[in-house]
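Here is final.cif, consisting of mmCIF, C-alpha atoms and all ligand atoms:
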```cif
data_input
loop_
_atom_site.label_atom_id
_atom_site.label_comp_id
_atom_site.auth_asym_id
_atom_site.auth_seq_id
_atom_site.Cartn_x
_atom_site.Cartn_y
_atom_site.Cartn_z
CA MET A 250 0.00 0.00 0.00
CA THR A 251 1.06 3.65 -0.31
CA THR A 252 2.84 4.63 2.86
CA PRO A 253 0.72 7.06 4.90
CA LEU A 254 2.06 9.81 7.11
CA ILE A 255 1.45 9.00 10.79
CA SER A 256 0.31 11.69 13.18
CA PRO A 257 0.29 10.21 16.71
CA SER A 258 -2.32 11.78 18.97
CA ILE A 259 -0.63 12.86 22.19
CA LEU A 260 -3.98 12.40 23.93
CA SER A 261 -2.75 8.85 24.62
CA ALA A 262 0.70 9.99 25.84
CA ASP A 263 1.81 10.37 29.44
CA PHE A 264 0.62 13.91 30.22
CA ALA A 265 3.15 14.17 33.07
CA ALA A 266 6.01 13.76 30.58
CA LEU A 267 4.69 15.30 27.37
CA GLY A 268 7.99 16.80 26.15
CA GLU A 269 9.74 13.47 26.52
CA GLU A 270 6.85 11.66 24.82
CA VAL A 271 6.95 14.02 21.84
CA ARG A 272 10.71 13.47 21.47
CA ALA A 273 10.18 9.72 21.68
CA ILE A 274 7.52 9.58 18.92
CA ASP A 275 9.58 11.92 16.75
CA LYS A 276 12.53 9.53 17.04
CA ALA A 277 10.24 6.53 16.49
CA GLY A 278 9.16 7.80 13.06
CA ALA A 279 6.12 10.02 13.61
CA ASP A 280 5.62 12.35 10.65
CA TRP A 281 3.35 14.88 12.34
CA ILE A 282 2.25 15.41 15.96
CA HIS A 283 -1.54 15.44 16.48
CA VAL A 284 -2.69 17.70 19.32
CA ASP A 285 -6.29 17.27 20.48
CA VAL A 286 -7.67 20.44 22.02
CA MET A 287 -10.97 19.91 23.88
CA ASP A 288 -12.97 22.45 25.85
CA GLY A 289 -15.59 20.45 27.78
CA HIS A 290 -18.26 22.32 25.79
CA PHE A 291 -17.99 21.35 22.11
CA VAL A 292 -16.92 17.87 23.25
CA PRO A 293 -17.39 16.21 26.65
CA ASN A 294 -13.72 16.27 27.66
CA ILE A 295 -11.09 18.90 28.54
CA THR A 296 -7.46 18.66 27.46
CA ILE A 297 -4.89 21.33 26.74
CA GLY A 298 -4.52 24.85 25.34
CA PRO A 299 -2.01 27.02 23.50
CA ALA A 300 0.41 27.21 26.44
CA VAL A 301 1.07 23.47 26.18
CA VAL A 302 1.49 23.66 22.40
CA LYS A 303 4.05 26.42 22.93
CA ALA A 304 5.88 24.43 25.59
CA LEU A 305 6.09 21.40 23.29
CA ARG A 306 7.29 23.33 20.23
CA PRO A 307 11.03 23.15 21.06
CA HIS A 308 10.84 19.37 21.49
CA THR A 309 10.43 18.52 17.78
CA ASP A 310 10.66 19.99 14.29
CA LYS A 311 7.79 17.83 13.04
CA PRO A 312 4.59 19.65 12.00
CA PHE A 313 2.01 20.19 14.75
CA ASP A 314 -1.42 19.12 13.56
CA VAL A 315 -3.72 20.90 16.01
CA HIS A 316 -7.29 19.57 16.10
CA LEU A 317 -9.55 22.13 17.74
CA MET A 318 -12.65 20.71 19.40
CA ILE A 319 -13.65 24.02 20.94
CA SER A 320 -16.43 26.54 20.57
CA PRO A 321 -16.03 29.43 19.94
CA ILE A 322 -12.95 29.01 17.72
CA ASP A 323 -12.03 32.45 16.41
CA PRO A 324 -10.77 34.06 19.65
CA TYR A 325 -8.11 31.35 19.98
CA ILE A 326 -6.72 31.09 16.42
CA ASP A 327 -3.88 33.58 16.85
CA ALA A 328 -2.79 32.00 20.13
CA PHE A 329 -2.50 28.54 18.57
CA ALA A 330 -0.73 29.86 15.47
CA GLU A 331 1.74 31.82 17.59
CA ALA A 332 2.29 28.79 19.82
CA GLY A 333 3.60 26.91 16.78
CA ALA A 334 0.64 25.09 15.23
CA ASP A 335 1.39 24.22 11.58
CA PHE A 336 -2.06 22.87 10.69
CA ILE A 337 -5.18 24.00 12.55
CA THR A 338 -8.32 21.97 11.90
CA VAL A 339 -11.81 23.04 12.88
CA HIS A 340 -15.31 21.56 12.96
CA PRO A 341 -17.99 23.42 10.93
CA GLU A 342 -20.45 22.85 13.79
CA ALA A 343 -18.22 24.75 16.22
CA GLY A 344 -18.66 28.21 14.76
CA PRO A 345 -21.25 30.18 12.79
CA HIS A 346 -18.84 31.39 10.04
CA ILE A 347 -16.56 28.50 9.19
CA HIS A 348 -15.44 29.99 5.86
CA ARG A 349 -14.21 33.11 7.62
CA THR A 350 -12.59 30.99 10.35
CA LEU A 351 -10.59 29.04 7.73
CA GLN A 352 -9.42 32.30 6.19
CA ALA A 353 -8.47 33.64 9.62
CA ILE A 354 -6.32 30.55 10.23
CA ARG A 355 -4.40 31.18 7.00
CA ALA A 356 -4.07 34.86 7.80
CA ALA A 357 -2.58 33.89 11.18
CA GLY A 358 0.16 31.97 9.34
CA ALA A 359 -1.11 28.40 9.85
CA ARG A 360 -2.51 25.94 7.32
CA PRO A 361 -6.31 25.52 7.62
CA GLY A 362 -8.18 22.25 7.70
CA VAL A 363 -11.78 21.21 8.15
CA VAL A 364 -12.92 18.24 10.25
CA LEU A 365 -16.02 16.19 9.48
CA ASN A 366 -17.74 14.35 12.32
CA PRO A 367 -19.15 10.88 11.58
CA GLY A 368 -22.62 12.38 11.03
CA THR A 369 -21.41 15.24 8.83
CA PRO A 370 -21.68 14.61 5.07
CA ALA A 371 -18.83 15.09 2.57
CA LYS A 372 -21.08 17.65 0.89
CA MET A 373 -20.21 20.05 3.70
CA LEU A 374 -16.93 20.59 1.81
CA ASP A 375 -18.51 21.89 -1.42
CA TYR A 376 -17.90 25.55 -0.62
CA LEU A 377 -14.97 25.08 1.78
CA ILE A 378 -12.52 22.87 -0.08
CA ASP A 379 -10.80 25.75 -1.88
CA GLU A 380 -9.92 27.25 1.50
CA VAL A 381 -8.23 24.22 3.05
CA ASP A 382 -4.91 22.36 2.94
CA LEU A 383 -6.26 19.43 4.94
CA VAL A 384 -9.53 17.52 5.34
CA LEU A 385 -9.86 15.40 8.47
CA VAL A 386 -12.48 12.66 8.57
CA MET A 387 -13.46 11.56 12.08
CA SER A 388 -13.88 7.80 12.29
CA VAL A 389 -15.12 8.11 15.89
CA ASN A 390 -17.25 10.72 17.60
CA PRO A 391 -14.76 13.24 19.00
CA GLY A 392 -13.99 13.51 22.69
CA PHE A 393 -12.00 10.46 23.69
CA GLY A 394 -9.18 8.20 22.57
CA GLY A 395 -9.50 4.44 22.43
CA GLN A 396 -12.88 4.18 20.66
CA SER A 397 -13.77 1.75 17.87
CA PHE A 398 -13.38 2.68 14.21
CA ILE A 399 -16.69 3.50 12.48
CA HIS A 400 -16.44 1.67 9.14
CA SER A 401 -19.16 3.70 7.41
CA GLN A 402 -16.69 6.61 7.26
CA LEU A 403 -14.58 4.83 4.62
CA LYS A 404 -17.18 5.66 1.98
CA LYS A 405 -16.83 9.30 2.93
CA VAL A 406 -13.04 9.09 2.63
CA GLU A 407 -13.44 7.68 -0.89
CA ALA A 408 -15.84 10.47 -1.86
CA ILE A 409 -13.55 13.17 -0.47
CA ARG A 410 -10.52 11.68 -2.26
CA LYS A 411 -12.41 12.23 -5.54
CA MET A 412 -13.34 15.79 -4.54
CA ILE A 413 -9.69 16.55 -3.68
CA ASP A 414 -8.40 15.07 -6.93
CA ARG A 415 -10.84 17.25 -8.85
CA THR A 416 -9.36 20.40 -7.29
CA GLY A 417 -5.88 19.55 -8.61
CA ARG A 418 -4.46 20.92 -5.33
CA ALA A 419 -2.30 19.00 -2.86
CA ILE A 420 -4.83 18.77 -0.02
CA HIS A 421 -4.10 16.19 2.67
CA LEU A 422 -6.81 13.69 3.58
CA GLU A 423 -6.49 12.52 7.17
CA VAL A 424 -8.49 10.01 9.24
CA ASP A 425 -8.79 10.20 13.04
CA GLY A 426 -10.18 7.68 15.52
CA GLY A 427 -9.81 3.96 16.06
CA VAL A 428 -6.92 3.69 13.60
CA ASN A 429 -4.81 0.56 14.10
CA ALA A 430 -2.66 -1.48 11.72
CA GLU A 431 -5.76 -3.15 10.28
CA THR A 432 -8.02 -0.09 9.86
CA ALA A 433 -5.01 1.94 8.63
CA ARG A 434 -4.90 -0.23 5.54
CA LEU A 435 -8.61 0.37 4.86
CA CYS A 436 -8.13 4.14 5.22
CA VAL A 437 -5.20 4.21 2.79
CA ASP A 438 -7.09 2.05 0.29
CA ALA A 439 -9.98 4.52 0.53
CA GLY A 440 -7.63 7.41 -0.31
CA ALA A 441 -6.27 8.80 2.98
CA ASP A 442 -2.64 9.94 3.12
CA VAL A 443 -2.36 10.92 6.82
CA LEU A 444 -3.50 8.79 9.76
CA VAL A 445 -3.97 9.89 13.35
CA ALA A 446 -3.30 7.17 15.90
CA GLY A 447 -3.39 7.61 19.67
CA SER A 448 -3.75 4.26 21.40
CA ALA A 449 -2.18 2.34 18.51
CA THR A 450 0.99 4.46 18.74
CA PHE A 451 1.40 4.62 22.51
CA LYS A 452 0.37 1.07 23.48
CA GLY A 453 3.13 -0.89 25.18
CA GLY A 454 5.21 2.14 26.16
CA PRO A 455 8.22 3.90 24.57
CA ASP A 456 10.03 0.70 23.61
CA ARG A 457 7.14 -0.15 21.28
CA TYR A 458 6.61 3.24 19.58
CA ALA A 459 8.85 2.57 16.55
CA ALA A 460 7.29 -0.86 15.92
CA ASN A 461 3.79 0.52 16.44
CA ILE A 462 4.37 3.34 13.93
CA ALA A 463 5.96 0.94 11.43
CA ALA A 464 2.91 -1.34 11.71
CA LEU A 465 0.60 1.61 11.03
CA LYS A 466 2.64 2.42 7.92
CA GLY A 467 2.25 -1.18 6.78
CA GLN A 468 5.97 -1.79 7.16
CA SER A 469 5.81 -4.83 9.40
C1 LIG A 501 -10.80 11.99 19.47
C2 LIG A 501 -9.50 12.55 19.01
C3 LIG A 501 -8.55 11.56 18.47
C4 LIG A 501 -8.13 10.49 19.44
C5 LIG A 501 -7.66 9.30 18.67
O1 LIG A 501 -11.63 13.03 19.77
O2 LIG A 501 -9.70 13.52 17.99
O3 LIG A 501 -7.41 12.21 17.91
O4 LIG A 501 -7.13 10.90 20.31
O5 LIG A 501 -7.39 8.28 19.57
P1 LIG A 501 -7.38 6.75 19.11
O6 LIG A 501 -6.34 6.65 18.01
O7 LIG A 501 -6.99 6.05 20.35
O8 LIG A 501 -8.74 6.42 18.62
ZN ZN A 502 -7.95 14.36 16.93
#
```

Take the structure I supplied and represent it as structure tokens, if you would.
Amino acid sequence: MTTPLISPSILSADFAALGEEVRAIDKAGADWIHVDVMDGHFVPNITIGPAVVKALRPHTDKPFDVHLMISPIDPYIDAFAEAGADFITVHPEAGPHIHRTLQAIRAAGARPGVVLNPGTPAKMLDYLIDEVDLVLVMSVNPGFGGQSFIHSQLKKVEAIRKMIDRTGRAIHLEVDGGVNAETARLCVDAGADVLVAGSATFKGGPDRYAANIAALKGQS
């Protein structure tokens, strides 16, 4: 299969040693670092904010893929961009003016992406795709790591791959939630080129990270 980029979600890392964890996954072959930002309002969990992103920035040169599960979004865009986010992805349901939000992310110097929840149709992208560098398909309902992959989302990945190819632009197509070595293959076959993996990266502790990432890339 085509080798996907792997973006480990640090939601499954040891929060008491985040800098060390980020260095470990960098060394183990992570391509991007996925940062799940949750506010206890848009999703039923609370994680981290821009201060933590900023603190982690010196620990790796890999792109930070910052997934905002917060509402409102706009007041926090500059803070995340200044903290060192490379990609900032947002849910259309989290703000009333998503098109403007995507433009604000680019204006802040980051690369904008849109995230589609399992219940959100691919059609949502019709008037947004020209604004984004990344489309993220959720294969679980957002809020928690360690959930099971929702297979119906593969059809959506296939549909979005066609939409992206029609634009002729290099837009990444990423899948997030329940990705393991087995579901990774299905995502890549459906057209994804970036895979988020929390539990599947961090399971077994630091000694396993390189093997876990290799398995997700289909290299073992
Ligand atoms: C869920 C998050 C995911 C999550 C993935 O809301 O967006 O990034 O951490 O975790 P796993 O890979 O364990 O499903
Ligand atoms: Zn995520």

With a cut-off of 8 Å, could you pull out the residues of chain A touching ligand LIG 501 (chain A) and give me the nearest pair of atoms for each, distance in Å to one decimal, using only C-alpha atoms and all ligand atoms, ordered by chain and ascending number, as a tab-separated table?
```
residue	atom	partner	partner_atom	distance
A:Pro257	CA	A:LIG501	O6	7.6
A:Ser258	CA	A:LIG501	O4	5.1
A:Ile259	CA	A:LIG501	O4	7.0
A:Leu260	CA	A:LIG501	O4	5.0
A:Ser261	CA	A:LIG501	O4	6.5
A:His283	CA	A:LIG501	O3	6.9
A:Val284	CA	A:LIG501	O3	7.4
A:Asp285	CA	A:LIG501	O2	5.6
A:Val292	CA	A:LIG501	O1	8.0
A:His316	CA	A:LIG501	O2	6.8
A:Met318	CA	A:LIG501	O1	7.8
A:Met387	CA	A:LIG501	O2	7.3
A:Val389	CA	A:LIG501	C1	6.8
A:Asn390	CA	A:LIG501	O1	6.5
A:Pro391	CA	A:LIG501	O1	3.2
A:Gly392	CA	A:LIG501	O1	3.8
A:Phe393	CA	A:LIG501	C1	4.6
A:Gly394	CA	A:LIG501	O5	3.5
A:Gly395	CA	A:LIG501	O7	3.6
A:Gln396	CA	A:LIG501	O8	5.1
A:Ser397	CA	A:LIG501	O8	6.9
A:Phe398	CA	A:LIG501	O8	7.4
A:Asp425	CA	A:LIG501	O3	5.4
A:Gly426	CA	A:LIG501	O8	3.6
A:Gly427	CA	A:LIG501	O8	3.7
A:Val428	CA	A:LIG501	O6	5.3
A:Asn429	CA	A:LIG501	O6	7.4
A:Val445	CA	A:LIG501	O6	6.2
A:Ala446	CA	A:LIG501	O6	3.7
A:Gly447	CA	A:LIG501	O6	3.5
A:Ser448	CA	A:LIG501	O7	3.8
A:Ala449	CA	A:LIG501	O6	6.0
A:Thr450	CA	A:LIG501	O6	7.7
```

(request) Find the distance between CA of Gly278 (chain A) and CA of Ser256 (chain A) and write it in Å to one decimal. (result) 9.7 Å

(message) Show me the residues around (-12.8, 33.2, 8.1) - criterion: an atom at most 12 Å away, only C-alpha atoms counted - as a list in words.
(response)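 Applying the cut-off with only C-alpha atoms, one gets Ile322, Asp323, Pro324, Ile326, Val339, Pro341, Gly344, Pro345, His346, Ile347, His348, Arg349, Thr350, Leu351, Gln352, Ala353, Ile354, Arg355, Ala356, Ala357, Pro361, Gly362, Leu377, Glu380 and Val381 of chain A.
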
Kindly save the residues from that selection, with C-alpha atoms included, as a PDB file, in the frame of the given file.
```pdb
ATOM      1  CA  ILE A 322     -12.950  29.010  17.720  1.00  0.00           C
ATOM      2  CA  ASP A 323     -12.030  32.450  16.410  1.00  0.00           C
ATOM      3  CA  PRO A 324     -10.770  34.060  19.650  1.00  0.00           C
ATOM      4  CA  ILE A 326      -6.720  31.090  16.420  1.00  0.00           C
ATOM      5  CA  VAL A 339     -11.810  23.040  12.880  1.00  0.00           C
ATOM      6  CA  PRO A 341     -17.990  23.420  10.930  1.00  0.00           C
ATOM      7  CA  GLY A 344     -18.660  28.210  14.760  1.00  0.00           C
ATOM      8  CA  PRO A 345     -21.250  30.180  12.790  1.00  0.00           C
ATOM      9  CA  HIS A 346     -18.840  31.390  10.040  1.00  0.00           C
ATOM     10  CA  ILE A 347     -16.560  28.500   9.190  1.00  0.00           C
ATOM     11  CA  HIS A 348     -15.440  29.990   5.860  1.00  0.00           C
ATOM     12  CA  ARG A 349     -14.210  33.110   7.620  1.00  0.00           C
ATOM     13  CA  THR A 350     -12.590  30.990  10.350  1.00  0.00           C
ATOM     14  CA  LEU A 351     -10.590  29.040   7.730  1.00  0.00           C
ATOM     15  CA  GLN A 352      -9.420  32.300   6.190  1.00  0.00           C
ATOM     16  CA  ALA A 353      -8.470  33.640   9.620  1.00  0.00           C
ATOM     17  CA  ILE A 354      -6.320  30.550  10.230  1.00  0.00           C
ATOM     18  CA  ARG A 355      -4.400  31.180   7.000  1.00  0.00           C
ATOM     19  CA  ALA A 356      -4.070  34.860   7.800  1.00  0.00           C
ATOM     20  CA  ALA A 357      -2.580  33.890  11.180  1.00  0.00           C
ATOM     21  CA  PRO A 361      -6.310  25.520   7.620  1.00  0.00           C
ATOM     22  CA  GLY A 362      -8.180  22.250   7.700  1.00  0.00           C
ATOM     23  CA  LEU A 377     -14.970  25.080   1.780  1.00  0.00           C
ATOM     24  CA  GLU A 380      -9.920  27.250   1.500  1.00  0.00           C
ATOM     25  CA  VAL A 381      -8.230  24.220   3.050  1.00  0.00           C
TER      26      VAL A 381
END
```

(message) Report, in Å with one decimal, the straight-line distance from CA of Asp438 (chain A) to CA of Thr251 (chain A).
(response) 8.3 Å

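With distances taken over all atoms listed in the file, A:Arg306 is the one residue among A:Asn294, A:Pro299, A:Arg306, A:Val384 lying closest to Arg272 (chain A).
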
Please complete region 411-443 of chain A so it has N, CA and C atoms, and hand it over as an mmCIF file, in the coordinates of the input.
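Contents of selection-v6.cif, freshly written:
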```
data_model
loop_
_atom_site.group_PDB
_atom_site.id
_atom_site.type_symbol
_atom_site.label_atom_id
_atom_site.label_comp_id
_atom_site.auth_asym_id
_atom_site.auth_seq_id
_atom_site.Cartn_x
_atom_site.Cartn_y
_atom_site.Cartn_z
ATOM 1 N N LYS A 411 -12.024 11.807 -4.171
ATOM 2 C CA LYS A 411 -12.410 12.230 -5.540
ATOM 3 C C LYS A 411 -12.545 13.747 -5.595
ATOM 4 N N MET A 412 -13.167 14.331 -4.552
ATOM 5 C CA MET A 412 -13.340 15.790 -4.540
ATOM 6 C C MET A 412 -11.971 16.478 -4.554
ATOM 7 N N ILE A 413 -11.039 15.957 -3.758
ATOM 8 C CA ILE A 413 -9.690 16.550 -3.680
ATOM 9 C C ILE A 413 -8.997 16.433 -5.030
ATOM 10 N N ASP A 414 -9.077 15.265 -5.634
ATOM 11 C CA ASP A 414 -8.400 15.070 -6.930
ATOM 12 C C ASP A 414 -8.952 16.035 -7.978
ATOM 13 N N ARG A 415 -10.242 16.315 -7.883
ATOM 14 C CA ARG A 415 -10.840 17.250 -8.850
ATOM 15 C C ARG A 415 -10.304 18.668 -8.682
ATOM 16 N N THR A 416 -9.865 19.030 -7.488
ATOM 17 C CA THR A 416 -9.360 20.400 -7.290
ATOM 18 C C THR A 416 -7.977 20.562 -7.926
ATOM 19 N N GLY A 417 -7.240 19.458 -8.072
ATOM 20 C CA GLY A 417 -5.880 19.550 -8.610
ATOM 21 C C GLY A 417 -4.897 20.126 -7.601
ATOM 22 N N ARG A 418 -5.351 20.375 -6.375
ATOM 23 C CA ARG A 418 -4.460 20.920 -5.330
ATOM 24 C C ARG A 418 -4.002 19.788 -4.409
ATOM 25 N N ALA A 419 -2.843 20.014 -3.771
ATOM 26 C CA ALA A 419 -2.300 19.000 -2.860
ATOM 27 C C ALA A 419 -2.915 19.172 -1.478
ATOM 28 N N ILE A 420 -4.131 18.674 -1.309
ATOM 29 C CA ILE A 420 -4.830 18.770 -0.020
ATOM 30 C C ILE A 420 -4.678 17.416 0.685
ATOM 31 N N HIS A 421 -4.226 17.446 1.936
ATOM 32 C CA HIS A 421 -4.100 16.190 2.670
ATOM 33 C C HIS A 421 -5.474 15.662 3.073
ATOM 34 N N LEU A 422 -5.583 14.340 3.110
ATOM 35 C CA LEU A 422 -6.810 13.690 3.580
ATOM 36 C C LEU A 422 -6.433 12.777 4.742
ATOM 37 N N GLU A 423 -6.917 13.147 5.921
ATOM 38 C CA GLU A 423 -6.490 12.520 7.170
ATOM 39 C C GLU A 423 -7.683 11.827 7.838
ATOM 40 N N VAL A 424 -7.428 10.719 8.511
ATOM 41 C CA VAL A 424 -8.490 10.010 9.240
ATOM 42 C C VAL A 424 -8.079 9.940 10.708
ATOM 43 N N ASP A 425 -9.051 10.101 11.597
ATOM 44 C CA ASP A 425 -8.790 10.200 13.040
ATOM 45 C C ASP A 425 -9.812 9.395 13.827
ATOM 46 N N GLY A 426 -9.321 8.417 14.600
ATOM 47 C CA GLY A 426 -10.180 7.680 15.520
ATOM 48 C C GLY A 426 -10.215 6.196 15.238
ATOM 49 N N GLY A 427 -9.750 5.410 16.202
ATOM 50 C CA GLY A 427 -9.810 3.960 16.060
ATOM 51 C C GLY A 427 -8.892 3.406 14.978
ATOM 52 N N VAL A 428 -7.852 4.163 14.643
ATOM 53 C CA VAL A 428 -6.920 3.690 13.600
ATOM 54 C C VAL A 428 -5.900 2.745 14.232
ATOM 55 N N ASN A 429 -5.845 1.523 13.707
ATOM 56 C CA ASN A 429 -4.810 0.560 14.100
ATOM 57 C C ASN A 429 -4.230 -0.016 12.811
ATOM 58 N N ALA A 430 -3.330 -0.985 12.932
ATOM 59 C CA ALA A 430 -2.660 -1.480 11.720
ATOM 60 C C ALA A 430 -3.677 -1.989 10.688
ATOM 61 N N GLU A 431 -4.767 -2.567 11.188
ATOM 62 C CA GLU A 431 -5.760 -3.150 10.280
ATOM 63 C C GLU A 431 -6.631 -2.057 9.615
ATOM 64 N N THR A 432 -7.164 -1.135 10.439
ATOM 65 C CA THR A 432 -8.020 -0.090 9.860
ATOM 66 C C THR A 432 -7.186 0.918 9.058
ATOM 67 N N ALA A 433 -5.905 1.043 9.386
ATOM 68 C CA ALA A 433 -5.010 1.940 8.630
ATOM 69 C C ALA A 433 -5.021 1.561 7.165
ATOM 70 N N ARG A 434 -4.932 0.268 6.917
ATOM 71 C CA ARG A 434 -4.900 -0.230 5.540
ATOM 72 C C ARG A 434 -6.190 0.161 4.797
ATOM 73 N N LEU A 435 -7.321 0.033 5.485
ATOM 74 C CA LEU A 435 -8.610 0.370 4.860
ATOM 75 C C LEU A 435 -8.658 1.861 4.521
ATOM 76 N N CYS A 436 -8.114 2.687 5.435
ATOM 77 C CA CYS A 436 -8.130 4.140 5.220
ATOM 78 C C CYS A 436 -7.276 4.512 4.011
ATOM 79 N N VAL A 437 -6.105 3.901 3.917
ATOM 80 C CA VAL A 437 -5.200 4.210 2.790
ATOM 81 C C VAL A 437 -5.833 3.734 1.484
ATOM 82 N N ASP A 438 -6.425 2.555 1.506
ATOM 83 C CA ASP A 438 -7.090 2.050 0.290
ATOM 84 C C ASP A 438 -8.227 2.983 -0.133
ATOM 85 N N ALA A 439 -8.876 3.617 0.845
ATOM 86 C CA ALA A 439 -9.980 4.520 0.530
ATOM 87 C C ALA A 439 -9.475 5.891 0.058
ATOM 88 N N GLY A 440 -8.163 6.152 0.232
ATOM 89 C CA GLY A 440 -7.630 7.410 -0.310
ATOM 90 C C GLY A 440 -7.002 8.349 0.702
ATOM 91 N N ALA A 441 -6.891 7.931 1.973
ATOM 92 C CA ALA A 441 -6.270 8.800 2.980
ATOM 93 C C ALA A 441 -4.748 8.797 2.827
ATOM 94 N N ASP A 442 -4.107 9.913 3.162
ATOM 95 C CA ASP A 442 -2.640 9.940 3.120
ATOM 96 C C ASP A 442 -2.030 10.292 4.479
ATOM 97 N N VAL A 443 -2.852 10.647 5.465
ATOM 98 C CA VAL A 443 -2.360 10.920 6.820
ATOM 99 C C VAL A 443 -3.291 10.206 7.800
#
```
